[in-house]
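See below for structure_18.csv, which holds CSV, C-alpha atoms.
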```
chain,number,residue,atom,x,y,z
A,6,MET,CA,32.3,-46.7,-58.6
A,7,ALA,CA,29.0,-44.8,-58.6
A,8,GLU,CA,26.0,-45.2,-56.3
A,9,GLU,CA,22.9,-43.2,-56.7
A,10,THR,CA,20.8,-42.7,-53.5
A,11,ALA,CA,17.1,-42.2,-53.4
A,12,PRO,CA,15.7,-38.6,-53.4
A,13,ALA,CA,14.6,-37.1,-50.2
A,14,ARG,CA,11.0,-36.6,-51.2
A,15,GLU,CA,8.9,-37.7,-54.1
A,16,THR,CA,7.6,-34.5,-55.6
A,17,THR,CA,7.2,-33.0,-59.0
A,18,ARG,CA,10.4,-31.5,-60.2
A,19,ALA,CA,10.4,-27.7,-60.4
A,20,LYS,CA,10.0,-26.4,-63.9
A,21,ARG,CA,13.0,-24.5,-65.3
A,22,GLY,CA,12.2,-21.0,-66.4
A,23,GLY,CA,12.6,-17.4,-65.6
A,24,HIS,CA,11.4,-16.1,-62.3
A,25,GLY,CA,8.0,-14.5,-62.5
A,26,GLY,CA,6.9,-16.6,-65.4
A,27,GLU,CA,4.3,-19.2,-64.3
A,28,GLU,CA,2.3,-17.6,-61.5
A,29,GLU,CA,-0.7,-19.5,-60.3
A,30,ALA,CA,-4.0,-17.6,-60.7
A,31,GLY,CA,-4.8,-15.6,-57.6
A,32,ALA,CA,-1.6,-16.8,-55.8
A,33,MET,CA,1.0,-14.3,-54.8
A,34,SER,CA,4.5,-15.8,-54.4
A,35,ALA,CA,6.6,-14.9,-51.4
A,36,LEU,CA,9.0,-13.5,-54.0
A,37,LYS,CA,6.4,-11.2,-55.7
A,38,SER,CA,4.5,-8.4,-54.3
A,39,GLU,CA,3.1,-5.0,-55.3
A,40,ARG,CA,6.3,-3.4,-54.1
A,41,GLY,CA,8.3,-5.5,-56.6
A,42,THR,CA,9.7,-8.9,-57.2
A,43,THR,CA,12.7,-10.7,-55.8
A,44,ALA,CA,14.5,-13.2,-58.0
A,45,ILE,CA,17.4,-15.4,-57.2
A,46,ASN,CA,19.8,-16.5,-60.0
A,47,ASP,CA,20.4,-20.3,-60.4
A,48,LEU,CA,24.0,-19.7,-59.8
A,49,VAL,CA,23.2,-18.6,-56.3
A,50,VAL,CA,21.3,-21.8,-55.6
A,51,THR,CA,24.2,-23.8,-57.1
A,52,LYS,CA,26.8,-22.1,-54.9
A,53,VAL,CA,24.7,-22.5,-51.7
A,54,ALA,CA,24.2,-26.3,-52.5
A,55,ALA,CA,27.9,-26.7,-53.1
A,56,ILE,CA,28.9,-25.0,-49.9
A,57,ALA,CA,26.4,-27.0,-47.9
A,58,ALA,CA,27.7,-30.3,-49.4
A,59,ARG,CA,31.3,-29.4,-48.8
A,60,GLU,CA,30.8,-28.5,-45.2
A,61,THR,CA,29.3,-31.9,-44.4
A,62,ARG,CA,31.6,-34.3,-42.6
A,63,GLY,CA,32.7,-37.2,-44.8
A,64,VAL,CA,32.6,-35.3,-48.1
A,65,HIS,CA,36.0,-35.0,-49.6
A,66,ASP,CA,35.2,-33.3,-52.9
A,67,LEU,CA,32.5,-32.6,-55.5
A,68,GLY,CA,32.4,-33.4,-59.1
A,69,GLY,CA,33.3,-36.3,-61.4
A,70,GLY,CA,36.8,-37.5,-62.2
A,71,ALA,CA,37.1,-35.4,-65.4
A,72,ALA,CA,35.8,-32.3,-63.8
A,73,ARG,CA,38.2,-32.6,-60.8
A,74,ALA,CA,41.1,-33.4,-63.1
A,75,PHE,CA,40.4,-30.3,-65.2
A,76,GLY,CA,39.9,-28.2,-62.1
A,77,ALA,CA,43.3,-29.4,-60.7
A,78,VAL,CA,45.0,-28.5,-64.0
A,79,THR,CA,43.5,-25.0,-64.2
A,80,GLU,CA,44.3,-24.4,-60.6
A,81,ARG,CA,47.9,-25.5,-61.1
A,82,VAL,CA,48.5,-23.3,-64.1
A,83,GLY,CA,46.7,-20.4,-62.4
A,84,VAL,CA,43.8,-19.9,-64.7
A,85,GLY,CA,40.5,-19.9,-62.9
A,86,MET,CA,38.4,-21.2,-65.7
A,87,SER,CA,36.1,-23.3,-63.6
A,88,ASP,CA,34.3,-22.2,-60.5
A,89,GLU,CA,35.5,-24.7,-57.9
A,90,ARG,CA,32.4,-24.2,-55.7
A,91,SER,CA,29.9,-25.1,-58.4
A,92,ARG,CA,31.6,-28.2,-59.7
A,93,GLY,CA,29.6,-31.3,-59.3
A,94,VAL,CA,26.3,-29.4,-58.7
A,95,SER,CA,23.4,-29.1,-61.0
A,96,VAL,CA,20.2,-27.3,-60.1
A,97,GLU,CA,16.8,-26.6,-61.5
A,98,VAL,CA,15.0,-23.6,-60.1
A,99,GLY,CA,11.4,-22.8,-60.4
A,100,GLU,CA,9.0,-20.3,-58.9
A,101,ARG,CA,9.1,-21.7,-55.4
A,102,GLU,CA,11.1,-25.0,-55.6
A,103,ALA,CA,14.5,-26.1,-56.5
A,104,ALA,CA,15.8,-29.6,-57.4
A,105,VAL,CA,19.5,-30.4,-56.9
A,106,ASP,CA,21.8,-33.0,-58.4
A,107,LEU,CA,25.1,-33.6,-56.7
A,108,THR,CA,28.2,-35.7,-57.5
A,109,LEU,CA,30.3,-36.5,-54.5
A,110,VAL,CA,33.6,-38.0,-53.5
A,111,ILE,CA,33.4,-39.5,-50.0
A,112,GLU,CA,36.2,-40.3,-47.6
A,113,TYR,CA,36.9,-44.0,-47.5
A,114,GLY,CA,35.6,-45.6,-44.3
A,115,GLU,CA,32.7,-43.3,-43.9
A,116,SER,CA,29.1,-44.7,-44.2
A,117,ILE,CA,27.9,-43.7,-47.6
A,118,PRO,CA,24.2,-43.8,-46.6
A,119,GLN,CA,24.9,-41.7,-43.5
A,120,VAL,CA,27.0,-39.1,-45.4
A,121,THR,CA,24.6,-38.7,-48.2
A,122,GLU,CA,21.7,-38.3,-45.8
A,123,ALA,CA,23.6,-35.7,-43.9
A,124,VAL,CA,24.4,-33.9,-47.2
A,125,ARG,CA,20.8,-34.0,-48.2
A,126,GLU,CA,19.6,-32.6,-44.9
A,127,ASN,CA,22.2,-29.8,-44.9
A,128,VAL,CA,21.6,-28.8,-48.5
A,129,ILE,CA,17.9,-28.6,-47.9
A,130,LYS,CA,18.4,-26.6,-44.7
A,131,ARG,CA,20.8,-24.2,-46.3
A,132,ILE,CA,18.8,-23.6,-49.5
A,133,GLU,CA,15.5,-23.2,-47.7
A,134,GLY,CA,17.1,-20.9,-45.1
A,135,ILE,CA,19.1,-18.7,-47.5
A,136,THR,CA,16.9,-18.5,-50.6
A,137,GLY,CA,13.5,-19.2,-49.3
A,138,LEU,CA,12.9,-21.8,-52.0
A,139,SER,CA,11.6,-25.2,-50.9
A,140,VAL,CA,13.8,-28.1,-52.1
A,141,ALA,CA,11.8,-30.7,-54.0
A,142,GLU,CA,14.6,-33.3,-54.3
A,143,VAL,CA,18.3,-33.8,-53.8
A,144,ASN,CA,19.7,-36.5,-56.0
A,145,ILE,CA,23.2,-37.7,-55.1
A,146,VAL,CA,25.7,-39.8,-57.0
A,147,VAL,CA,28.7,-41.0,-55.1
A,148,ASN,CA,31.3,-41.0,-57.8
A,149,ASP,CA,34.5,-42.0,-56.0
A,150,LEU,CA,36.1,-42.7,-52.6
A,151,HIS,CA,39.1,-40.8,-51.4
A,152,PHE,CA,41.9,-42.6,-49.7
A,153,PRO,CA,44.3,-40.7,-47.4
A,154,GLY,CA,47.2,-41.7,-49.7
A,155,ASP,CA,45.6,-40.4,-52.9
A,156,ASP,CA,47.0,-36.9,-52.4
A,157,THR,CA,50.6,-38.0,-51.8
A,158,PRO,CA,52.6,-37.8,-55.0
A,159,GLU,CA,54.4,-41.0,-56.0
A,160,GLU,CA,58.1,-41.0,-55.3
A,161,SER,CA,60.3,-40.9,-58.3
A,162,ARG,CA,62.1,-44.1,-59.1
A,163,VAL,CA,65.2,-42.3,-60.2
A,164,ASN,CA,67.3,-39.7,-58.4
B,1,MET,CA,30.5,40.8,-90.0
B,2,LEU,CA,28.3,38.4,-88.3
B,3,ALA,CA,29.9,35.4,-86.6
B,4,ARG,CA,28.9,32.2,-88.1
B,5,THR,CA,26.9,30.0,-85.9
B,6,ARG,CA,26.9,26.2,-86.1
B,7,ALA,CA,23.6,24.6,-86.9
B,8,SER,CA,23.6,22.3,-83.9
B,9,GLN,CA,21.5,21.8,-80.8
B,10,PRO,CA,22.3,24.2,-78.0
B,11,PRO,CA,24.6,22.8,-75.4
B,12,ARG,CA,23.0,21.5,-72.3
B,13,PRO,CA,23.7,23.8,-69.3
B,14,ALA,CA,26.4,22.3,-67.1
B,15,SER,CA,24.3,22.9,-64.1
B,16,ALA,CA,21.3,21.0,-65.4
B,17,ALA,CA,19.9,18.7,-62.7
B,18,PRO,CA,19.9,15.0,-63.5
B,19,SER,CA,16.6,13.6,-64.7
B,20,GLU,CA,14.2,12.0,-62.2
B,21,ARG,CA,15.1,8.7,-63.8
B,22,ALA,CA,18.8,9.1,-63.1
B,23,GLN,CA,18.1,10.4,-59.6
B,24,LEU,CA,16.0,7.4,-58.8
B,25,ALA,CA,18.7,5.0,-60.2
B,26,ARG,CA,21.4,6.8,-58.1
B,27,LEU,CA,19.5,6.8,-54.9
B,28,ALA,CA,18.4,3.2,-55.4
B,29,LEU,CA,21.9,2.0,-56.0
B,30,ASP,CA,23.3,4.0,-53.0
B,31,ALA,CA,20.6,2.7,-50.8
B,32,ALA,CA,21.1,-0.9,-51.8
B,33,LEU,CA,24.9,-0.7,-51.4
B,34,GLY,CA,24.4,0.7,-47.9
B,35,VAL,CA,22.6,-2.4,-46.7
B,36,ALA,CA,24.7,-4.8,-44.7
B,37,GLY,CA,25.1,-8.0,-46.7
B,38,VAL,CA,25.1,-6.4,-50.1
B,39,VAL,CA,28.6,-6.6,-51.5
B,40,SER,CA,28.2,-5.0,-54.9
B,41,SER,CA,26.0,-4.4,-57.9
B,42,HIS,CA,26.3,-6.5,-61.0
B,43,ALA,CA,26.2,-4.9,-64.5
B,44,GLY,CA,25.4,-8.2,-66.2
B,45,PRO,CA,27.3,-10.4,-68.5
B,46,GLN,CA,27.0,-8.0,-71.4
B,47,GLY,CA,27.1,-4.9,-69.2
B,48,THR,CA,23.6,-4.0,-70.1
B,49,TRP,CA,22.2,-3.6,-66.6
B,50,VAL,CA,23.3,0.0,-66.4
B,51,THR,CA,21.6,3.3,-66.2
B,52,ALA,CA,23.4,6.1,-68.0
B,53,ASP,CA,22.6,9.7,-67.7
B,54,ARG,CA,25.0,12.1,-69.5
B,55,GLU,CA,28.5,11.1,-68.4
B,56,GLU,CA,27.3,9.1,-65.4
B,57,ARG,CA,27.0,5.3,-65.7
B,58,LEU,CA,25.4,3.4,-62.8
B,59,PRO,CA,26.1,-0.4,-63.0
B,60,GLY,CA,23.6,-2.9,-61.7
B,61,VAL,CA,20.6,-0.6,-61.7
B,62,LEU,CA,17.9,0.1,-64.3
B,63,ALA,CA,15.3,2.7,-63.9
B,64,THR,CA,12.7,2.4,-66.7
B,65,ALA,CA,9.6,4.4,-67.5
B,66,LEU,CA,6.3,2.7,-66.6
B,67,ALA,CA,3.2,2.9,-68.9
B,68,GLY,CA,1.2,4.5,-66.1
B,69,GLY,CA,3.8,7.1,-65.3
B,70,GLY,CA,6.8,7.0,-62.9
B,71,TYR,CA,9.7,4.6,-63.1
B,72,GLY,CA,10.3,1.0,-62.1
B,73,VAL,CA,13.7,0.2,-60.6
B,74,GLU,CA,15.6,-3.0,-61.1
B,75,LEU,CA,18.6,-3.8,-58.9
B,76,HIS,CA,21.0,-6.6,-59.7
B,77,LEU,CA,23.1,-7.4,-56.7
B,78,VAL,CA,25.9,-9.6,-55.4
B,79,THR,CA,25.5,-10.4,-51.7
B,80,GLU,CA,27.0,-12.4,-48.9
B,81,VAL,CA,25.6,-15.8,-48.1
B,82,VAL,CA,22.8,-14.7,-45.8
B,83,PRO,CA,19.0,-15.2,-45.9
B,84,LEU,CA,18.2,-13.5,-49.2
B,85,LEU,CA,14.5,-12.7,-49.0
B,86,PRO,CA,14.8,-10.7,-45.8
B,87,LEU,CA,17.8,-9.0,-47.3
B,88,ALA,CA,15.9,-8.1,-50.4
B,89,ASP,CA,13.1,-6.7,-48.2
B,90,ARG,CA,15.6,-4.5,-46.4
B,91,VAL,CA,17.0,-3.2,-49.6
B,92,ARG,CA,13.5,-2.5,-51.0
B,93,SER,CA,12.5,-0.6,-47.8
B,94,ARG,CA,15.6,1.4,-47.8
B,95,VAL,CA,15.1,2.4,-51.5
B,96,GLU,CA,11.6,3.4,-50.7
B,97,ARG,CA,12.7,5.5,-47.7
B,98,ALA,CA,15.4,7.2,-49.8
B,99,ALA,CA,13.0,8.0,-52.5
B,100,ALA,CA,10.6,9.5,-50.0
B,101,SER,CA,13.4,11.6,-48.5
B,102,ALA,CA,14.3,12.9,-51.9
B,103,GLY,CA,10.7,13.8,-52.8
B,104,LEU,CA,10.5,11.1,-55.4
B,105,ALA,CA,8.2,8.6,-53.8
B,106,ASP,CA,5.4,9.6,-56.2
B,107,VAL,CA,7.5,8.5,-59.3
B,108,LEU,CA,9.0,5.3,-57.7
B,109,GLY,CA,7.3,2.2,-59.0
B,110,PRO,CA,8.0,-1.4,-58.1
B,111,VAL,CA,11.6,-2.2,-56.9
B,112,ASP,CA,12.6,-5.5,-58.5
B,113,ILE,CA,15.6,-7.1,-57.0
B,114,THR,CA,17.7,-10.0,-58.5
B,115,ILE,CA,20.4,-11.7,-56.5
B,116,GLU,CA,22.9,-12.5,-59.2
B,117,ASP,CA,25.6,-14.1,-57.1
B,118,VAL,CA,26.7,-14.7,-53.6
B,119,VAL,CA,30.2,-14.6,-52.2
B,120,THR,CA,31.8,-16.1,-49.1
B,121,PRO,CA,33.7,-14.0,-46.5
B,122,ASN,CA,37.0,-15.2,-48.1
B,123,GLU,CA,35.9,-13.9,-51.5
B,124,VAL,CA,34.8,-10.7,-50.0
B,125,SER,CA,38.2,-10.1,-48.4
B,126,LYS,CA,39.9,-10.8,-51.8
B,127,ARG,CA,37.8,-8.1,-53.5
```

Before we go any further, please render this structure as structure tokens.
Amino acid sequence: MAEETAPARETTRAKRGGHGGEEEAGAMSALKSERGTTAINDLVVTKVAAIAARETRGVHDLGGGAARAFGAVTERVGVGMSDERSRGVSVEVGEREAAVDLTLVIEYGESIPQVTEAVRENVIKRIEGITGLSVAEVNIVVNDLHFPGDDTPEESRVN
Amino acid sequence: MLARTRASQPPRPASAAPSERAQLARLALDAALGVAGVVSSHAGPQGTWVTADREERLPGVLATALAGGGYGVELHLVTEVVPLLPLADRVRSRVERAAASAGLADVLGPVDITIEDVVTPNEVSKR
């Protein structure tokens, strides 16, 4: 049950690489000045994207089935091996742009196109506002739907 | 009978002032941690983003000599989820002011800032 929605904008994907690597001749990035450079770790962009997606109405969770199952197990046994907030998010960060891939679980009954568009807008708004990077694209895969009864454990057949 | 002396380097006086490099690292770290929105410094996955001077170790800051003289400062920070470029500018300005107050403005080079991680208010309260 996976649906991929179209990216927000058709632009060239940001190149992966260290900050301060590919500087256009004569151009001074907003992140670079004579007083020093400012770099933002990919992890920061990942977390901002995840928080922005989670706070959007209609999104139940992030990540594929295996990642969510693994996260549930590690949470139950009390070992924080996976960072819950970055699950289901992949980013590429360049000098000035970021590209984001998201895997979502959406509440059953919500409009998938509306939710994904709201997610896309919120992710772009948050990343651009917080990091100063422009977002080249936000690709979304809807991996699953969540039913209200999914979280209720099955009753035992025996006493 | 003459007392035997050990053929070793003379001990450094206890009162010796820290080097300019260490002073810059210390004031840069203190200045950065004093800016609202900065939660902590980050010593790096291998613990290599550290300036050491005698017994003092300053995590998350590197002051390194520049070819033309003076020292460049690198700060590796964990912050709250706030607009990061203005925050970095505030940190940089505060470091520059602190260096000027300490009479070290002439040896302060570029102040490079890397935001290594962000934490939410819930995570801040757990720390």

Output as a PyMOL selection string the set of chain B residues within 9 Å of chain A, with distances taken over all atoms listed in the file. chain B and resi 72-74+81-85+88-89+92+109-119

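Every protein or nucleic acid residue with an atom no more than 8 Å from Ala98 (chain B), counting only C-alpha atoms and leaving out same-chain residues fewer than 4 positions away, appears here: Leu27, Ala28, Ala31, Arg94 and Ala102 of chain B.
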
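Taking CA of Arg97 (chain B) as the reference point, CA of Val124 (chain B) is found at 27.5 Å.
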
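Relative to CA of Val96 (chain A), CA of Val35 (chain B) is found at 28.4 Å.
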
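The space separating CA of Thr120 (chain B) from CA of Val94 (chain A) comes to 17.3 Å.
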
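For the residues B:Ala67, B:Ala32, B:Ala22, B:Val39, ranking by smallest atom-to-atom distance to Thr51 (chain B) using only C-alpha atoms places B:Ala22 first.
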
Who sits within 12 Å of Gly47 (chain B), all atoms listed in the file, same chain under 6 positions skipped, as an mmCIF file with C-alpha atoms, in the coordinates of the input:
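The resulting result05.cif:
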```cif
data_model
loop_
_atom_site.group_PDB
_atom_site.id
_atom_site.type_symbol
_atom_site.label_atom_id
_atom_site.label_comp_id
_atom_site.auth_asym_id
_atom_site.auth_seq_id
_atom_site.Cartn_x
_atom_site.Cartn_y
_atom_site.Cartn_z
ATOM 1 C CA SER B 41 26.000 -4.400 -57.900
ATOM 2 C CA ARG B 57 27.000 5.300 -65.700
ATOM 3 C CA LEU B 58 25.400 3.400 -62.800
ATOM 4 C CA PRO B 59 26.100 -0.400 -63.000
ATOM 5 C CA GLY B 60 23.600 -2.900 -61.700
ATOM 6 C CA VAL B 61 20.600 -0.600 -61.700
ATOM 7 C CA LEU B 62 17.900 0.100 -64.300
ATOM 8 C CA HIS B 76 21.000 -6.600 -59.700
#
```

Residues near Val107 (chain B), anyone? I mean within 8 Å using only C-alpha atoms, not counting same-chain ones fewer than 6 positions away, as an mmCIF file with C-alpha atoms, in the coordinates of the input.
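What landed in result38.cif:
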```cif
data_model
loop_
_atom_site.group_PDB
_atom_site.id
_atom_site.type_symbol
_atom_site.label_atom_id
_atom_site.label_comp_id
_atom_site.auth_asym_id
_atom_site.auth_seq_id
_atom_site.Cartn_x
_atom_site.Cartn_y
_atom_site.Cartn_z
ATOM 1 C CA GLY B 69 3.800 7.100 -65.300
ATOM 2 C CA GLY B 70 6.800 7.000 -62.900
ATOM 3 C CA TYR B 71 9.700 4.600 -63.100
#
```

Which residues are close to Ser139 (chain A), i.e. within 7 Å by all atoms listed in the file, leaving aside same-chain residues fewer than 4 positions away? Reply as a ChimeraX atom specification. /A:101-103,133
